[in-house]
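A.B. asks: Here you go, protein35.cif (mmCIF, C-alpha atoms):
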```cif
data_my_file
#
loop_
_atom_site.group_PDB
_atom_site.id
_atom_site.type_symbol
_atom_site.label_atom_id
_atom_site.label_comp_id
_atom_site.auth_asym_id
_atom_site.auth_seq_id
_atom_site.Cartn_x
_atom_site.Cartn_y
_atom_site.Cartn_z
ATOM 1 C CA MET A 1 131.808 91.351 82.663
ATOM 2 C CA LYS A 2 128.157 92.038 82.050
ATOM 3 C CA ASN A 3 127.136 89.693 84.838
ATOM 4 C CA GLN A 4 129.588 91.367 87.200
ATOM 5 C CA ALA A 5 128.180 94.779 86.362
ATOM 6 C CA LEU A 6 124.662 93.563 86.975
ATOM 7 C CA GLY A 7 125.689 91.799 90.160
ATOM 8 C CA SER A 8 127.411 94.882 91.559
ATOM 9 C CA LYS A 9 124.185 96.862 91.851
ATOM 10 C CA PRO A 10 122.806 95.029 94.910
ATOM 11 C CA PHE A 11 126.182 95.387 96.593
ATOM 12 C CA MET A 12 126.244 99.134 95.886
ATOM 13 C CA ASN A 13 122.718 99.448 97.266
ATOM 14 C CA ASP A 14 123.680 97.494 100.401
ATOM 15 C CA GLN A 15 126.824 99.575 100.808
ATOM 16 C CA TYR A 16 124.848 102.827 100.467
ATOM 17 C CA ALA A 17 122.239 101.644 102.971
ATOM 18 C CA THR A 18 124.931 100.690 105.492
ATOM 19 C CA ALA A 19 126.687 104.068 105.101
ATOM 20 C CA LYS A 20 123.384 105.888 105.541
ATOM 21 C CA GLY A 21 122.617 103.773 108.603
ATOM 22 C CA ILE A 22 125.978 104.667 110.162
ATOM 23 C CA THR A 23 125.389 108.385 109.490
ATOM 24 C CA LEU A 24 121.944 108.246 111.092
ATOM 25 C CA ALA A 25 123.401 106.367 114.078
ATOM 26 C CA LEU A 26 125.944 109.175 114.572
ATOM 27 C CA LEU A 27 123.196 111.827 114.410
ATOM 28 C CA SER A 28 121.135 109.791 116.860
ATOM 29 C CA ALA A 29 124.039 109.699 119.336
ATOM 30 C CA LEU A 30 124.539 113.473 119.045
ATOM 31 C CA ALA A 31 120.851 114.201 119.647
ATOM 32 C CA ALA A 32 120.760 111.827 122.633
ATOM 33 C CA SER A 33 123.806 113.572 124.118
ATOM 34 C CA THR A 34 122.030 116.928 123.763
ATOM 35 C CA ALA A 35 119.028 115.522 125.643
ATOM 36 C CA GLY A 36 121.384 114.229 128.333
ATOM 37 C CA VAL A 37 122.883 117.685 128.839
ATOM 38 C CA ALA A 38 119.434 119.309 129.119
ATOM 39 C CA THR A 39 118.337 116.632 131.601
ATOM 40 C CA LYS A 40 121.394 117.142 133.810
ATOM 41 C CA VAL A 41 120.766 120.898 133.878
ATOM 42 C CA ILE A 42 117.199 120.556 135.228
ATOM 43 C CA ALA A 43 117.471 117.238 137.135
ATOM 44 C CA ASP A 44 117.648 118.922 140.560
ATOM 45 C CA ASP A 45 114.471 120.925 139.902
ATOM 46 C CA VAL A 46 112.289 118.501 137.922
ATOM 47 C CA PRO A 47 111.810 114.850 139.014
ATOM 48 C CA ILE A 48 113.107 112.356 136.469
ATOM 49 C CA ALA A 49 109.683 110.700 136.204
ATOM 50 C CA ILE A 50 108.203 114.021 135.043
ATOM 51 C CA VAL A 51 111.079 114.599 132.622
ATOM 52 C CA VAL A 52 110.444 111.203 131.019
ATOM 53 C CA LEU A 53 106.670 111.846 130.854
ATOM 54 C CA PHE A 54 107.202 115.182 129.103
ATOM 55 C CA GLN A 55 109.754 113.594 126.797
ATOM 56 C CA TYR A 56 107.389 110.962 125.450
ATOM 57 C CA GLY A 57 104.415 113.345 125.449
ATOM 58 C CA ILE A 58 106.341 115.734 123.182
ATOM 59 C CA CYS A 59 107.467 112.837 120.994
ATOM 60 C CA LEU A 60 103.828 111.755 120.521
ATOM 61 C CA PHE A 61 102.838 115.339 119.720
ATOM 62 C CA ILE A 62 105.555 115.596 117.064
ATOM 63 C CA LEU A 63 104.320 112.329 115.552
ATOM 64 C CA SER A 64 100.651 113.411 115.625
ATOM 65 C CA PRO A 65 100.535 114.745 112.021
ATOM 66 C CA LEU A 66 101.244 111.204 110.818
ATOM 67 C CA LEU A 67 98.518 109.857 113.089
ATOM 68 C CA LEU A 68 96.044 112.150 111.337
ATOM 69 C CA LYS A 69 97.444 111.432 107.881
ATOM 70 C CA TYR A 70 96.891 107.670 107.856
ATOM 71 C CA PRO A 71 93.666 105.745 108.626
ATOM 72 C CA VAL A 72 93.363 103.661 111.785
ATOM 73 C CA CYS A 73 93.932 100.396 109.902
ATOM 74 C CA HIS A 74 97.405 101.639 108.896
ATOM 75 C CA TRP A 75 98.526 101.436 112.546
ATOM 76 C CA TYR A 76 97.411 97.851 113.078
ATOM 77 C CA THR A 77 100.206 95.452 114.009
ATOM 78 C CA LYS A 78 100.568 91.706 114.426
ATOM 79 C CA HIS A 79 103.627 92.152 116.638
ATOM 80 C CA LEU A 80 102.214 93.840 119.739
ATOM 81 C CA VAL A 81 104.324 91.698 122.080
ATOM 82 C CA ILE A 82 107.572 92.742 120.375
ATOM 83 C CA HIS A 83 106.413 96.385 120.337
ATOM 84 C CA THR A 84 105.785 96.072 124.077
ATOM 85 C CA VAL A 85 109.271 94.653 124.670
ATOM 86 C CA ARG A 86 110.736 97.463 122.600
ATOM 87 C CA GLY A 87 108.641 100.139 124.347
ATOM 88 C CA VAL A 88 109.287 98.991 127.907
ATOM 89 C CA SER A 89 113.011 98.390 127.337
ATOM 90 C CA GLY A 90 113.392 101.799 125.676
ATOM 91 C CA TRP A 91 111.531 103.479 128.534
ATOM 92 C CA LEU A 92 113.656 101.710 131.141
ATOM 93 C CA CYS A 93 116.797 102.686 129.227
ATOM 94 C CA PHE A 94 116.019 106.398 129.415
ATOM 95 C CA PHE A 95 114.646 106.280 132.959
ATOM 96 C CA THR A 96 117.764 104.597 134.372
ATOM 97 C CA TYR A 97 120.026 106.769 132.185
ATOM 98 C CA TYR A 98 118.463 109.985 133.488
ATOM 99 C CA LEU A 99 118.632 108.723 137.074
ATOM 100 C CA ALA A 100 122.354 108.083 136.589
ATOM 101 C CA ILE A 101 122.861 111.512 134.979
ATOM 102 C CA GLN A 102 121.360 113.183 138.043
ATOM 103 C CA HIS A 103 123.940 111.666 140.395
ATOM 104 C CA ILE A 104 127.121 110.966 138.398
ATOM 105 C CA PRO A 105 129.054 112.918 135.723
ATOM 106 C CA LEU A 106 127.459 113.050 132.276
ATOM 107 C CA VAL A 107 130.357 111.281 130.583
ATOM 108 C CA ASP A 108 130.205 108.417 133.108
ATOM 109 C CA ALA A 109 126.471 107.929 132.539
ATOM 110 C CA SER A 110 126.980 108.076 128.776
ATOM 111 C CA LEU A 111 129.769 105.512 128.946
ATOM 112 C CA LEU A 112 127.681 103.086 130.970
ATOM 113 C CA ARG A 113 124.692 103.517 128.633
ATOM 114 C CA ASN A 114 126.973 102.771 125.713
ATOM 115 C CA THR A 115 127.935 99.373 127.072
ATOM 116 C CA ALA A 116 124.920 98.239 125.013
ATOM 117 C CA PRO A 117 127.123 96.758 122.239
ATOM 118 C CA LEU A 118 128.507 94.304 124.796
ATOM 119 C CA PHE A 119 125.017 92.919 125.390
ATOM 120 C CA VAL A 120 123.641 93.070 121.827
ATOM 121 C CA PRO A 121 125.370 89.832 120.709
ATOM 122 C CA LEU A 122 123.884 87.988 123.686
ATOM 123 C CA PHE A 123 120.360 89.185 122.897
ATOM 124 C CA VAL A 124 120.869 88.468 119.191
ATOM 125 C CA TRP A 125 122.043 84.938 119.994
ATOM 126 C CA ALA A 126 119.273 84.256 122.525
ATOM 127 C CA TRP A 127 116.427 85.826 120.536
ATOM 128 C CA ILE A 128 117.198 85.669 116.823
ATOM 129 C CA LYS A 129 119.533 82.655 117.070
ATOM 130 C CA ILE A 130 122.229 84.390 115.010
ATOM 131 C CA THR A 131 125.855 83.710 115.934
ATOM 132 C CA ILE A 132 128.003 86.825 115.854
ATOM 133 C CA PRO A 133 131.174 86.279 113.769
ATOM 134 C CA ARG A 134 134.387 86.263 115.755
ATOM 135 C CA GLY A 135 135.713 89.279 113.873
ATOM 136 C CA GLN A 136 132.915 91.482 115.200
ATOM 137 C CA TRP A 137 133.958 90.827 118.796
ATOM 138 C CA LEU A 138 137.221 92.738 118.316
ATOM 139 C CA PRO A 139 135.702 96.261 118.106
ATOM 140 C CA ILE A 140 133.380 95.426 121.001
ATOM 141 C CA ILE A 141 136.363 94.469 123.161
ATOM 142 C CA ILE A 142 138.282 97.565 122.053
ATOM 143 C CA GLY A 143 135.302 99.777 122.860
ATOM 144 C CA PHE A 144 134.889 98.188 126.278
ATOM 145 C CA ALA A 145 138.598 98.695 126.988
ATOM 146 C CA GLY A 146 138.145 102.378 126.116
ATOM 147 C CA ILE A 147 135.186 102.603 128.480
ATOM 148 C CA LEU A 148 137.228 101.076 131.306
ATOM 149 C CA LEU A 149 140.030 103.574 130.710
ATOM 150 C CA ILE A 150 137.650 106.520 130.934
ATOM 151 C CA LEU A 151 135.481 105.248 133.760
ATOM 152 C CA ARG A 152 138.178 103.408 135.763
ATOM 153 C CA PRO A 153 135.674 101.638 138.002
ATOM 154 C CA SER A 154 136.863 100.728 141.480
ATOM 155 C CA THR A 155 135.283 99.091 144.492
ATOM 156 C CA GLU A 156 134.853 102.489 146.137
ATOM 157 C CA GLY A 157 133.769 104.349 143.004
ATOM 158 C CA MET A 158 131.052 101.967 141.785
ATOM 159 C CA GLU A 159 127.805 102.880 143.517
ATOM 160 C CA PHE A 160 124.093 102.349 142.908
ATOM 161 C CA TRP A 161 123.912 105.115 140.320
ATOM 162 C CA HIS A 162 126.711 103.547 138.315
ATOM 163 C CA ILE A 163 124.714 100.298 138.335
ATOM 164 C CA ALA A 164 121.665 102.252 137.120
ATOM 165 C CA GLY A 165 123.780 103.579 134.261
ATOM 166 C CA LEU A 166 124.931 100.068 133.406
ATOM 167 C CA LEU A 167 121.322 98.836 133.404
ATOM 168 C CA SER A 168 120.484 101.551 130.875
ATOM 169 C CA GLY A 169 123.030 99.891 128.575
ATOM 170 C CA VAL A 170 121.379 96.491 129.035
ATOM 171 C CA PHE A 171 117.927 97.906 128.265
ATOM 172 C CA LEU A 172 119.311 99.824 125.276
ATOM 173 C CA ALA A 173 120.719 96.591 123.856
ATOM 174 C CA LEU A 174 117.340 94.866 124.168
ATOM 175 C CA SER A 175 115.688 97.875 122.563
ATOM 176 C CA MET A 176 118.142 97.736 119.653
ATOM 177 C CA VAL A 177 117.537 94.071 118.944
ATOM 178 C CA SER A 178 113.745 94.338 119.204
ATOM 179 C CA THR A 179 113.787 97.356 116.872
ATOM 180 C CA ARG A 180 115.820 95.376 114.367
ATOM 181 C CA VAL A 181 113.288 92.514 114.563
ATOM 182 C CA LEU A 182 110.369 94.913 114.042
ATOM 183 C CA SER A 183 112.070 96.723 111.158
ATOM 184 C CA ALA A 184 111.770 93.569 109.034
ATOM 185 C CA THR A 185 107.977 93.948 108.864
ATOM 186 C CA GLU A 186 107.053 97.411 110.211
ATOM 187 C CA VAL A 187 107.664 100.909 108.811
ATOM 188 C CA THR A 188 109.605 103.427 110.886
ATOM 189 C CA HIS A 189 106.728 105.660 111.999
ATOM 190 C CA VAL A 190 104.633 102.676 113.149
ATOM 191 C CA ILE A 191 107.540 101.435 115.283
ATOM 192 C CA LEU A 192 107.956 104.927 116.725
ATOM 193 C CA PHE A 193 104.252 105.330 117.470
ATOM 194 C CA TYR A 194 104.042 102.137 119.522
ATOM 195 C CA TYR A 195 107.318 102.944 121.259
ATOM 196 C CA PHE A 196 106.285 106.476 122.228
ATOM 197 C CA PHE A 197 102.769 105.431 123.225
ATOM 198 C CA ILE A 198 103.840 102.449 125.357
ATOM 199 C CA SER A 199 106.626 104.462 126.994
ATOM 200 C CA PHE A 200 104.218 107.348 127.687
ATOM 201 C CA LEU A 201 101.820 104.934 129.405
ATOM 202 C CA CYS A 202 104.698 103.517 131.480
ATOM 203 C CA SER A 203 105.662 107.053 132.540
ATOM 204 C CA ILE A 204 102.243 108.135 133.855
ATOM 205 C CA PRO A 205 102.094 106.211 137.196
ATOM 206 C CA LEU A 206 105.563 107.295 138.358
ATOM 207 C CA ALA A 207 104.970 110.892 137.235
ATOM 208 C CA ILE A 208 101.727 111.033 139.248
ATOM 209 C CA LEU A 209 103.469 109.686 142.347
ATOM 210 C CA ASP A 210 106.354 112.153 141.975
ATOM 211 C CA TRP A 211 104.387 115.152 140.678
ATOM 212 C CA GLN A 212 105.362 118.667 141.750
ATOM 213 C CA PRO A 213 105.109 122.176 140.261
ATOM 214 C CA ILE A 214 107.464 122.668 137.317
ATOM 215 C CA PRO A 215 109.610 125.851 137.311
ATOM 216 C CA TYR A 216 108.948 127.942 134.214
ATOM 217 C CA TRP A 217 112.638 128.267 133.381
ATOM 218 C CA THR A 218 112.862 124.490 132.846
ATOM 219 C CA LEU A 219 110.170 124.403 130.122
ATOM 220 C CA PRO A 220 112.587 125.184 127.225
ATOM 221 C CA PHE A 221 114.849 122.385 128.448
ATOM 222 C CA LEU A 222 111.917 119.952 128.607
ATOM 223 C CA LEU A 223 110.996 120.947 125.058
ATOM 224 C CA CYS A 224 114.612 120.449 123.975
ATOM 225 C CA ILE A 225 114.661 116.986 125.572
ATOM 226 C CA GLY A 226 111.445 115.927 123.828
ATOM 227 C CA CYS A 227 112.545 117.216 120.403
ATOM 228 C CA SER A 228 116.043 115.738 120.752
ATOM 229 C CA ILE A 229 114.719 112.318 121.731
ATOM 230 C CA SER A 230 112.170 112.412 118.913
ATOM 231 C CA LEU A 231 115.037 113.034 116.474
ATOM 232 C CA THR A 232 117.167 110.419 118.258
ATOM 233 C CA MET A 233 114.517 107.727 117.950
ATOM 234 C CA TRP A 234 113.729 108.472 114.317
ATOM 235 C CA CYS A 235 117.413 108.345 113.321
ATOM 236 C CA TYR A 236 118.047 105.315 115.520
ATOM 237 C CA THR A 237 115.074 103.363 114.139
ATOM 238 C CA ARG A 238 115.947 104.230 110.554
ATOM 239 C CA ALA A 239 119.585 103.273 111.185
ATOM 240 C CA LEU A 240 118.535 99.830 112.430
ATOM 241 C CA THR A 241 116.290 99.474 109.388
ATOM 242 C CA LEU A 242 119.205 100.174 107.057
ATOM 243 C CA ALA A 243 121.985 98.366 108.932
ATOM 244 C CA SER A 244 122.228 95.487 111.399
ATOM 245 C CA ALA A 245 122.335 95.975 115.176
ATOM 246 C CA ALA A 246 125.912 94.632 115.152
ATOM 247 C CA ILE A 247 126.900 97.640 113.005
ATOM 248 C CA VAL A 248 124.758 100.312 114.648
ATOM 249 C CA ALA A 249 125.499 99.370 118.276
ATOM 250 C CA PRO A 250 129.240 100.213 118.296
ATOM 251 C CA ILE A 251 128.532 103.514 116.478
ATOM 252 C CA ASN A 252 126.626 104.585 119.590
ATOM 253 C CA TYR A 253 130.049 104.810 121.255
ATOM 254 C CA SER A 254 130.318 108.200 119.555
ATOM 255 C CA GLY A 255 127.794 109.455 122.103
ATOM 256 C CA VAL A 256 130.571 109.131 124.691
ATOM 257 C CA VAL A 257 132.713 111.549 122.701
ATOM 258 C CA PHE A 258 129.839 114.013 122.259
ATOM 259 C CA SER A 259 129.012 113.873 125.974
ATOM 260 C CA GLY A 260 132.664 114.366 126.890
ATOM 261 C CA ILE A 261 132.938 117.469 124.705
ATOM 262 C CA MET A 262 129.694 118.928 126.063
ATOM 263 C CA GLY A 263 130.733 118.169 129.644
ATOM 264 C CA TRP A 264 134.003 119.984 129.020
ATOM 265 C CA LEU A 265 132.314 123.032 127.459
ATOM 266 C CA ILE A 266 129.530 123.363 130.056
ATOM 267 C CA TRP A 267 130.972 121.972 133.306
ATOM 268 C CA SER A 268 134.692 122.425 132.526
ATOM 269 C CA HIS A 269 135.368 118.719 132.886
ATOM 270 C CA ILE A 270 138.677 118.012 131.151
ATOM 271 C CA PRO A 271 139.516 114.318 130.614
ATOM 272 C CA ASP A 272 143.008 113.224 131.610
ATOM 273 C CA GLY A 273 145.439 111.224 129.489
ATOM 274 C CA LEU A 274 143.851 107.857 130.210
ATOM 275 C CA ALA A 275 140.392 109.215 129.424
ATOM 276 C CA LEU A 276 141.573 110.640 126.112
ATOM 277 C CA THR A 277 143.140 107.294 125.248
ATOM 278 C CA GLY A 278 139.825 105.653 126.045
ATOM 279 C CA ILE A 279 137.978 108.082 123.779
ATOM 280 C CA LEU A 280 140.348 107.231 120.922
ATOM 281 C CA LEU A 281 139.698 103.523 121.493
ATOM 282 C CA VAL A 282 135.962 104.170 121.425
ATOM 283 C CA ILE A 283 136.260 105.955 118.072
ATOM 284 C CA ALA A 284 138.495 103.162 116.759
ATOM 285 C CA ALA A 285 135.872 100.580 117.741
ATOM 286 C CA GLY A 286 133.253 102.259 115.573
ATOM 287 C CA LEU A 287 135.615 102.660 112.616
ATOM 288 C CA ILE A 288 136.785 99.029 112.779
ATOM 289 C CA THR A 289 133.186 97.828 112.883
ATOM 290 C CA ALA A 290 132.250 99.861 109.821
ATOM 291 C CA PHE A 291 135.370 98.692 107.949
ATOM 292 C CA ARG A 292 134.884 95.007 108.766
ATOM 293 C CA ASN A 293 131.238 94.991 107.776
ATOM 294 C CA SER A 294 132.013 96.867 104.563
ATOM 295 C CA ARG A 295 134.590 94.209 103.600
ATOM 296 C CA SER A 296 132.211 91.409 104.544
ATOM 297 C CA ALA A 297 129.553 92.865 102.272
ATOM 298 C CA GLN A 298 132.068 93.204 99.437
ATOM 299 C CA GLN A 299 133.109 89.567 99.707
ATOM 300 C CA THR A 300 129.522 88.212 99.563
#
```
So that I can check it, write out the structure of this file as structure tokens.
C.D. replies:
Amino acid sequence: MKNQALGSKPFMNDQYATAKGITLALLSALAASTAGVATKVIADDVPIAIVVLFQYGICLFILSPLLLKYPVCHWYTKHLVIHTVRGVSGWLCFFTYYLAIQHIPLVDASLLRNTAPLFVPLFVWAWIKITIPRGQWLPIIIGFAGILLILRPSTEGMEFWHIAGLLSGVFLALSMVSTRVLSATEVTHVILFYYFFISFLCSIPLAILDWQPIPYWTLPFLLCIGCSISLTMWCYTRALTLASAAIVAPINYSGVVFSGIMGWLIWSHIPDGLALTGILLVIAAGLITAFRNSRSAQQT
């Protein structure tokens, strides 16, 4: 009995970390949905390249107190290549996501971005050489079925901007896996610094090419986007530090629900019966994932 009591402590710690990771993943999805709404509001008046530049500039500014707090040697990394993969993939994720938002409904863009869990196992297998257990494929399939019910892609309905939205999901999956790899050796704020800095550098050339005067009324929305994404990335990075990508990825499906609610409140978009069924499947996918991983941890 004594050994069991002693042995239960690591399990309780793992269980607490996983629960905290899931909570942070939910908060990350909510903040990202807020940024998506703000982007859609100003997309016709501010080029997407400028939106992305402001986003990462604000994120770097918010992180600046930590840059001043620690000495230069604290920010040294031996994993610059992985940071670059993470930074470029994260930048491409948001750039393609915002392009999709500008031309298709917010919920559609959010759904396509949240196909990331479908690609995470492939990146995990190809990069980290970890085979995903068969049981974890079930919530992924359920979530994808929900996405199909809401989106209902057809030959006529699928256009370039839908493909851009789908690419954002691919890049998000790569970003998730690279963040998980980095979290084994790097602290959260170091990961964020390299991500924001690399993404900011990637944003400069396109912003210069597409530069135009920014209407004053859009400045609060740009500030909201930057702050929301800063919160999104902190929660998202911490979530992947506390829980595996296989757990965190399906939780991002909740962003579909948040986007659907916001689209309904702001643009009066009311999902039909099939869409509501899809939303329920999306929620079920996240709950099944959390339940299965909790039982797996209890049995080890």
A.B. asks: What separation in Å, quoted to one decimal, exists between atom CA of A:Ala43 and atom CA of A:Ser254?
C.D. replies: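 Atom-to-atom, atom CA of A:Ala43 to atom CA of A:Ser254, that is 23.6 Å.
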A.B. asks: Find the residues with any atom within 12 Å of (104.2, 117.1, 122.5); use all atoms listed in the file and the coordinates as given in the file, and write the answer as an mmCIF file with C-alpha atoms, in the coordinates of the input.
C.D. replies:
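Once written, point_24.cif looks like this:
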```
data_model
loop_
_atom_site.group_PDB
_atom_site.id
_atom_site.type_symbol
_atom_site.label_atom_id
_atom_site.label_comp_id
_atom_site.auth_asym_id
_atom_site.auth_seq_id
_atom_site.Cartn_x
_atom_site.Cartn_y
_atom_site.Cartn_z
ATOM 1 C CA LEU A 53 106.670 111.846 130.854
ATOM 2 C CA PHE A 54 107.202 115.182 129.103
ATOM 3 C CA GLN A 55 109.754 113.594 126.797
ATOM 4 C CA TYR A 56 107.389 110.962 125.450
ATOM 5 C CA GLY A 57 104.415 113.345 125.449
ATOM 6 C CA ILE A 58 106.341 115.734 123.182
ATOM 7 C CA CYS A 59 107.467 112.837 120.994
ATOM 8 C CA LEU A 60 103.828 111.755 120.521
ATOM 9 C CA PHE A 61 102.838 115.339 119.720
ATOM 10 C CA ILE A 62 105.555 115.596 117.064
ATOM 11 C CA LEU A 63 104.320 112.329 115.552
ATOM 12 C CA SER A 64 100.651 113.411 115.625
ATOM 13 C CA PRO A 65 100.535 114.745 112.021
ATOM 14 C CA PHE A 196 106.285 106.476 122.228
ATOM 15 C CA PHE A 197 102.769 105.431 123.225
ATOM 16 C CA PHE A 200 104.218 107.348 127.687
ATOM 17 C CA LEU A 222 111.917 119.952 128.607
ATOM 18 C CA LEU A 223 110.996 120.947 125.058
ATOM 19 C CA CYS A 224 114.612 120.449 123.975
ATOM 20 C CA ILE A 225 114.661 116.986 125.572
ATOM 21 C CA GLY A 226 111.445 115.927 123.828
ATOM 22 C CA CYS A 227 112.545 117.216 120.403
ATOM 23 C CA ILE A 229 114.719 112.318 121.731
ATOM 24 C CA SER A 230 112.170 112.412 118.913
#
```
A.B. asks: Excluding A:Ile22 and its own-chain neighbours fewer than 3 positions away, which residues fall within 7 Å of it when counting all atoms listed in the file? Please give them as a list in words.
C.D. replies: Thr18, Ala19, Ala25, Leu26, Ala239, Val248 and Ile251 of chain A
A.B. asks: On this structure, which residues satisfy the PyMOL selection byres ((chain A and resi 161-165) around 9), written as a PDB file with C-alpha atoms, keeping the file's coordinate frame?
C.D. replies:
```
ATOM      1  CA  CYS A  93     116.797 102.686 129.227  1.00  0.00           C
ATOM      2  CA  THR A  96     117.764 104.597 134.372  1.00  0.00           C
ATOM      3  CA  TYR A  97     120.026 106.769 132.185  1.00  0.00           C
ATOM      4  CA  TYR A  98     118.463 109.985 133.488  1.00  0.00           C
ATOM      5  CA  LEU A  99     118.632 108.723 137.074  1.00  0.00           C
ATOM      6  CA  ALA A 100     122.354 108.083 136.589  1.00  0.00           C
ATOM      7  CA  ILE A 101     122.861 111.512 134.979  1.00  0.00           C
ATOM      8  CA  GLN A 102     121.360 113.183 138.043  1.00  0.00           C
ATOM      9  CA  HIS A 103     123.940 111.666 140.395  1.00  0.00           C
ATOM     10  CA  ILE A 104     127.121 110.966 138.398  1.00  0.00           C
ATOM     11  CA  ASP A 108     130.205 108.417 133.108  1.00  0.00           C
ATOM     12  CA  ALA A 109     126.471 107.929 132.539  1.00  0.00           C
ATOM     13  CA  SER A 110     126.980 108.076 128.776  1.00  0.00           C
ATOM     14  CA  LEU A 111     129.769 105.512 128.946  1.00  0.00           C
ATOM     15  CA  LEU A 112     127.681 103.086 130.970  1.00  0.00           C
ATOM     16  CA  ARG A 113     124.692 103.517 128.633  1.00  0.00           C
ATOM     17  CA  GLY A 157     133.769 104.349 143.004  1.00  0.00           C
ATOM     18  CA  MET A 158     131.052 101.967 141.785  1.00  0.00           C
ATOM     19  CA  GLU A 159     127.805 102.880 143.517  1.00  0.00           C
ATOM     20  CA  PHE A 160     124.093 102.349 142.908  1.00  0.00           C
ATOM     21  CA  LEU A 166     124.931 100.068 133.406  1.00  0.00           C
ATOM     22  CA  LEU A 167     121.322  98.836 133.404  1.00  0.00           C
ATOM     23  CA  SER A 168     120.484 101.551 130.875  1.00  0.00           C
ATOM     24  CA  GLY A 169     123.030  99.891 128.575  1.00  0.00           C
TER      25      GLY A 169
END
```
A.B. asks: Atom CA of A:Ser244 to atom CA of A:Trp91: how many Å, to one decimal?
C.D. replies: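 So the answer is 21.7 Å.
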A.B. asks: Given the PyMOL selection byres ((chain A and resi 35) around 7) and the file above, list the residues it selects as an MDAnalysis selection string.
C.D. replies: chainID A and resid 31:34 36:39 224:225 228:229
A.B. asks: Since I can't run it myself right now, could you work out what the PyMOL selection byres ((chain A and resi 193) around 10) selects here and report it as a list in words?
C.D. replies: Cys59, Leu60, Leu63, Ser64, Leu66, Leu67, Trp75, His83, Gly87, Thr188, His189, Val190, Ile191, Leu192, Tyr194, Tyr195, Phe196, Phe197, Ile198 and Ser199 of chain A
A.B. asks: Using atom CA of A:Phe95 and atom CA of A:Ala207 as the two end points, give the distance in Å to one decimal.
C.D. replies: 11.5 Å
A.B. asks: Quick one: everything within 9 Å of A:Leu174, counting all atoms listed in the file, minus sequence neighbours fewer than 6 positions away in the same chain. Send it as a list of chain:residue names.
C.D. replies: A:Val85, A:Arg86, A:Ser89, A:Gly90, A:Ala116, A:Phe119, A:Val120, A:Phe123, A:Val124
A.B. asks: Skipping near chain neighbours, those fewer than 6 positions away, what residues fall within 12 Å of stretch 125-127 of chain A using all atoms listed in the file, listed as a PyMOL selection string?
C.D. replies: chain A and resi 82+119+133+174+177-178+180-181+246
A.B. asks: I need the residue nearest A:Ala173 from this list: A:Pro121, A:Gly260, A:Pro220, A:Pro205. Use all atoms listed in the file for the distance.
C.D. replies: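 The shortest atom-to-atom distance to A:Ala173 comes from A:Pro121.
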A.B. asks: So, with only C-alpha atoms as the atoms that count, which of A:Pro250, A:Pro215, A:Pro139, A:Gly273 lies closest to A:Asp45?
C.D. replies: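 The shortest atom-to-atom distance to A:Asp45 comes from A:Pro215.
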A.B. asks: Between A:Cys235, A:Val81, A:Ile50, A:Leu92, single out the one closest to A:Thr218, counting only C-alpha atoms.
C.D. replies: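 The answer is A:Ile50, which sits nearest to A:Thr218.
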A.B. asks: Would you list the residues near (119.8, 97.8, 102.6), meaning any protein, DNA or RNA residue with an atom at most 6 Å from that point in file coordinates, counting all atoms listed in the file, as a list of chain:residue names?
C.D. replies: A:Asp14, A:Ala17, A:Leu242
A.B. asks: From the list A:Met262, A:Leu209, A:Ala145, A:Ile42, which residue is nearest A:Leu280 when using only C-alpha atoms?
C.D. replies: A:Ala145
A.B. asks: Using only C-alpha atoms, which of the listed residues (A:Tyr236, A:Phe94, A:Tyr16, A:Tyr253) sits closest to A:Gly143?
C.D. replies: A:Tyr253
